[in-house]
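*Asks:* Handing you this structure, nothing more for now.
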Amino acid sequence: MPIKAVVFDAYGTLYDIQSVADVTEDAFPGYGEIITQVWRIKQLEYTWLRSLMQAYQDFDAVTRDSLAYTLRVLGLVYESQAFERVIEKYLHLDLYPDAAETLAALRPRKLAILSNGSPDMLNALVRNSGLDALLDASISVDAKKIFKPSPQAYELIGEVLGTAPDEVLFVSSNPWDAAGAKSFGLKVAWIERVTPEAMALACVENELVAPLTMFKAIRTQMDELGFEPDHRVRALSELPGIT
């Protein structure tokens with residue numbers, strides 16, 4: 001079947017989640033990197049735990065709770081102003097430099113985001129980055145009250161865009177998301193921004209493993225779940241060549 005729609009994950013795929021590091025470092029000097037990595041790890045963990053427990057809270061609450069956890073376990077005392085300044089960055093994450101050009105090149109196919117982000121967070125982020133002019137839809141899992149990689153979350157693509165699973169190319173740099181989409185029956189392109197070779201080199205070249213290296217080892221390598229993507233690319237800019 002021809003590809004009628006290309007649907008993107010938001011956090012880590014179109015938007016660089018590591019761009020919060022400058023804000024976390026400014027708010028908590030000397031702790032920026034460890035805060036950034038633990039926060040993201042716990043943020044994802046909370047989405048999976050809440051889905052499994054059937055105790056849904058939206059991504060705004062999850063993001064706040066995971067940041068509160070991170071600051072608490074690091075023994076950091078903070079005022080609400082500093083906390084809110086860090087949270088605010090999630091509405092202004094940096095786009096990957098090839099994101100807008102790639103979306104424009106994928107027309108006339110339908111283009112959308114399917115994200116764990118709550119509607120207010122996602123809509124603000126898309127608007128602030130200017131992607132609202134390129135997207136047909138910004139779809140939040142909040143409509144199903146369950147997070148990716150639940151199959152119910154991926155059902156939203158067909159419900160909103162009117163497409164069959166094999167008419168959709170789903171794009172994510174998150175391996176767990178790519179596996180979830182493939183399990184659901186979507187065609188999948190995984191963006192492998194970090195290779196095992198680069199990981200090995202980073203470990204050899206440094207006496208201590210940095211928090212960012214540990215995060216990449218945990219969250220950027222393809223998981224052993226039995227679901228392989230249809231396409232492996234290194235950057236968003238490669239997508240027009242495979243559709």
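Within each chain, counting starts at residue 1; across the structure tokens, chains are named A, B, ... in the order shown, with ligands numbered 1 upward in that order.
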Find the spatial neighbours of stretch 75-88 of chain A, counting only C-alpha atoms, within a cut-off of 7 Å - ignore same-chain residues fewer than 5 positions away - and output them as a list in words.
*Replies:*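 The contact residues come out as Val23, Thr24 and Ala27 of chain A.
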*Asks:* Report as CSV: every residue of stretch 46-83 of chain A with an atom at most 8 Å from stretch 115-125 of chain A, its closest pair of atoms, and their distance in Å to one decimal, counting only C-alpha atoms, with rows sorted by chain and ascending residue number.
*Replies:*
residue,atom,partner,partner_atom,distance
A:Asp58,CA,A:Ser118,CA,5.7
A:Phe59,CA,A:Ser118,CA,5.1
A:Asp60,CA,A:Ser118,CA,6.2
*Asks:* What's the 8 Å shell around A:Phe184, counting only C-alpha atoms, without same-chain residues fewer than 6 positions away, as a ChimeraX atom specification?
*Replies:* /A:151,154,165
*Asks:* From the options A:Val209, A:Ala153, A:Ala179, A:Thr70, which residue's atoms come nearest to A:Val141, counting only C-alpha atoms?
*Replies:*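 Of the candidates, the smallest distance to A:Val141 is held by A:Ala153.
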*Asks:* Pick out the residues sitting within 9 Å of A:Gln43, and hand them over as a list in words; count only C-alpha atoms, and ignore anything fewer than 2 positions along from it in its own chain.
*Replies:* Val38, Trp39, Arg40, Ile41, Glu45, Tyr46, Thr47, Phe59, Val62, Thr63, Arg64, Asp65, Ser66 and Leu67 of chain A
*Asks:* Looking at only C-alpha atoms, which of A:Thr102, A:Thr243, A:Thr195, A:Asn174 is the one that sits closest to A:Gly12?
*Replies:*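 Counting only C-alpha atoms, the residue closest to A:Gly12 is A:Asn174.
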*Asks:* From the list A:Val171, A:Leu74, A:Leu236, A:Tyr90, which residue is nearest A:Ile113 when using only C-alpha atoms?
*Replies:*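 With only C-alpha atoms as the atom set, the closest residue is A:Val171.
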*Asks:* Write out as a list in words all residues of stretch 95-213 of chain A that backbone DSSP assigns to strand (DSSP E).
*Replies:*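 Output for stretch 95-213 of chain A, strand (DSSP E) only: Leu95, Lys110, Leu111, Ala112, Ile113, Leu114, Ser115, Ala137, Ser138, Ile139, Ser140, Val168, Leu169, Phe170, Val171, Ser172, Lys187, Val188, Ala189, Trp190 and Ile191 of chain A.
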*Asks:* Keeping N, CA, C and O atoms, export the residues of the selection given above as a PDB file, in the first residue's frame.
*Replies:*
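Output saved as result18.pdb:
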ATOM      1  N   LEU A  95      13.702  22.427  18.065  1.00  0.00           N
ATOM      2  CA  LEU A  95      13.493  21.514  16.949  1.00  0.00           C
ATOM      3  C   LEU A  95      14.830  20.971  16.472  1.00  0.00           C
ATOM      4  O   LEU A  95      15.847  21.673  16.491  1.00  0.00           O
ATOM      5  N   LYS A 110      -0.413  13.316   4.197  1.00  0.00           N
ATOM      6  CA  LYS A 110      -0.868  13.873   5.463  1.00  0.00           C
ATOM      7  C   LYS A 110       0.283  13.788   6.465  1.00  0.00           C
ATOM      8  O   LYS A 110       1.024  12.803   6.502  1.00  0.00           O
ATOM      9  N   LEU A 111       0.416  14.817   7.266  1.00  0.00           N
ATOM     10  CA  LEU A 111       1.485  14.871   8.250  1.00  0.00           C
ATOM     11  C   LEU A 111       0.885  15.127   9.622  1.00  0.00           C
ATOM     12  O   LEU A 111       0.019  16.002   9.779  1.00  0.00           O
ATOM     13  N   ALA A 112       1.340  14.366  10.612  1.00  0.00           N
ATOM     14  CA  ALA A 112       0.783  14.519  11.953  1.00  0.00           C
ATOM     15  C   ALA A 112       1.812  14.125  13.003  1.00  0.00           C
ATOM     16  O   ALA A 112       2.826  13.488  12.701  1.00  0.00           O
ATOM     17  N   ILE A 113       1.527  14.532  14.219  1.00  0.00           N
ATOM     18  CA  ILE A 113       2.260  14.089  15.398  1.00  0.00           C
ATOM     19  C   ILE A 113       1.338  13.208  16.213  1.00  0.00           C
ATOM     20  O   ILE A 113       0.147  13.499  16.353  1.00  0.00           O
ATOM     21  N   LEU A 114       1.861  12.107  16.739  1.00  0.00           N
ATOM     22  CA  LEU A 114       1.178  11.330  17.773  1.00  0.00           C
ATOM     23  C   LEU A 114       2.101  11.335  18.981  1.00  0.00           C
ATOM     24  O   LEU A 114       3.199  10.784  18.935  1.00  0.00           O
ATOM     25  N   SER A 115       1.648  11.957  20.066  1.00  0.00           N
ATOM     26  CA  SER A 115       2.531  12.193  21.197  1.00  0.00           C
ATOM     27  C   SER A 115       1.884  11.841  22.523  1.00  0.00           C
ATOM     28  O   SER A 115       0.667  11.944  22.691  1.00  0.00           O
ATOM     29  N   ALA A 137      -2.398  17.520  11.806  1.00  0.00           N
ATOM     30  CA  ALA A 137      -2.967  17.201  13.114  1.00  0.00           C
ATOM     31  C   ALA A 137      -1.852  17.005  14.132  1.00  0.00           C
ATOM     32  O   ALA A 137      -0.772  16.512  13.804  1.00  0.00           O
ATOM     33  N   SER A 138      -2.142  17.414  15.367  1.00  0.00           N
ATOM     34  CA  SER A 138      -1.300  17.104  16.507  1.00  0.00           C
ATOM     35  C   SER A 138      -2.149  16.264  17.445  1.00  0.00           C
ATOM     36  O   SER A 138      -3.076  16.778  18.080  1.00  0.00           O
ATOM     37  N   ILE A 139      -1.849  14.980  17.523  1.00  0.00           N
ATOM     38  CA  ILE A 139      -2.703  14.022  18.222  1.00  0.00           C
ATOM     39  C   ILE A 139      -2.084  13.676  19.570  1.00  0.00           C
ATOM     40  O   ILE A 139      -0.939  13.249  19.645  1.00  0.00           O
ATOM     41  N   SER A 140      -2.862  13.856  20.621  1.00  0.00           N
ATOM     42  CA  SER A 140      -2.419  13.519  21.968  1.00  0.00           C
ATOM     43  C   SER A 140      -3.072  12.227  22.423  1.00  0.00           C
ATOM     44  O   SER A 140      -4.268  12.005  22.206  1.00  0.00           O
ATOM     45  N   VAL A 168       0.372   4.082   6.757  1.00  0.00           N
ATOM     46  CA  VAL A 168       1.029   5.073   7.610  1.00  0.00           C
ATOM     47  C   VAL A 168       2.495   4.702   7.831  1.00  0.00           C
ATOM     48  O   VAL A 168       2.820   3.554   8.136  1.00  0.00           O
ATOM     49  N   LEU A 169       3.364   5.682   7.676  1.00  0.00           N
ATOM     50  CA  LEU A 169       4.746   5.543   8.109  1.00  0.00           C
ATOM     51  C   LEU A 169       4.876   6.284   9.431  1.00  0.00           C
ATOM     52  O   LEU A 169       4.674   7.492   9.498  1.00  0.00           O
ATOM     53  N   PHE A 170       5.192   5.542  10.481  1.00  0.00           N
ATOM     54  CA  PHE A 170       5.373   6.134  11.799  1.00  0.00           C
ATOM     55  C   PHE A 170       6.862   6.327  12.036  1.00  0.00           C
ATOM     56  O   PHE A 170       7.661   5.415  11.824  1.00  0.00           O
ATOM     57  N   VAL A 171       7.231   7.517  12.504  1.00  0.00           N
ATOM     58  CA  VAL A 171       8.640   7.880  12.661  1.00  0.00           C
ATOM     59  C   VAL A 171       8.930   8.187  14.125  1.00  0.00           C
ATOM     60  O   VAL A 171       8.254   9.024  14.734  1.00  0.00           O
ATOM     61  N   SER A 172       9.929   7.511  14.667  1.00  0.00           N
ATOM     62  CA  SER A 172      10.336   7.780  16.048  1.00  0.00           C
ATOM     63  C   SER A 172      11.812   7.490  16.217  1.00  0.00           C
ATOM     64  O   SER A 172      12.351   6.579  15.598  1.00  0.00           O
ATOM     65  N   LYS A 187       3.798   0.852   9.465  1.00  0.00           N
ATOM     66  CA  LYS A 187       5.133   0.850   8.896  1.00  0.00           C
ATOM     67  C   LYS A 187       5.964   1.832   9.729  1.00  0.00           C
ATOM     68  O   LYS A 187       5.473   2.894  10.110  1.00  0.00           O
ATOM     69  N   VAL A 188       7.198   1.481   9.990  1.00  0.00           N
ATOM     70  CA  VAL A 188       7.981   2.235  10.968  1.00  0.00           C
ATOM     71  C   VAL A 188       9.357   2.598  10.427  1.00  0.00           C
ATOM     72  O   VAL A 188      10.059   1.755   9.843  1.00  0.00           O
ATOM     73  N   ALA A 189       9.725   3.850  10.655  1.00  0.00           N
ATOM     74  CA  ALA A 189      11.093   4.310  10.416  1.00  0.00           C
ATOM     75  C   ALA A 189      11.682   4.725  11.760  1.00  0.00           C
ATOM     76  O   ALA A 189      11.117   5.586  12.447  1.00  0.00           O
ATOM     77  N   TRP A 190      12.766   4.084  12.130  1.00  0.00           N
ATOM     78  CA  TRP A 190      13.446   4.416  13.380  1.00  0.00           C
ATOM     79  C   TRP A 190      14.654   5.289  13.071  1.00  0.00           C
ATOM     80  O   TRP A 190      15.461   4.964  12.194  1.00  0.00           O
ATOM     81  N   ILE A 191      14.766   6.397  13.789  1.00  0.00           N
ATOM     82  CA  ILE A 191      15.910   7.294  13.618  1.00  0.00           C
ATOM     83  C   ILE A 191      16.990   6.894  14.616  1.00  0.00           C
ATOM     84  O   ILE A 191      16.851   7.111  15.826  1.00  0.00           O
TER      85      ILE A 191
END
*Asks:* Using only C-alpha atoms, pick whichever of A:Ile17, A:Gly32, A:Leu106, A:Ala99 has the shortest atom-to-atom distance to A:Ile242.
*Replies:* A:Leu106
*Asks:* Near A:Thr163, counting only C-alpha atoms, which residues have an atom at most 12 Å away, once you skip same-chain residues fewer than 2 positions from it, shown as a PyMOL selection string?
*Replies:* chain A and resi 1-7+109-112+154-161+165-169+186
*Asks:* Taking into account only C-alpha atoms, which residue in the set A:Leu49, A:Lys216, A:Asp98, A:Gly162 is nearest to A:Ser237?
*Replies:*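 Once distances to A:Ser237 are computed over only C-alpha atoms, the minimum belongs to A:Asp98.
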*Asks:* By how many Å are atom CA of A:Asp177 and atom CA of A:Lys148 apart?
*Replies:* 6.8 Å
*Asks:* Select, from A:Pro149, A:Ile35, A:Pro29, A:Gly130, the residue with the minimum atom-to-atom distance to A:Ala68, counting only C-alpha atoms.
*Replies:*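 Going through A:Pro149, A:Ile35, A:Pro29, A:Gly130 one by one, the smallest distance to A:Ala68 is for A:Ile35.
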*Asks:* Using atom CA of A:Phe147 and atom CA of A:Gly185 as the two end points, give the distance in Å to one decimal.
*Replies:*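 Distance reported for this atom pair: 17.2 Å.
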*Asks:* Would you compute the distance between atom CA of A:Pro97 and atom CA of A:Asp136? Give it in Å to one decimal.
*Replies:*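 Between atom CA of A:Pro97 and atom CA of A:Asp136 the gap works out to 20.5 Å.
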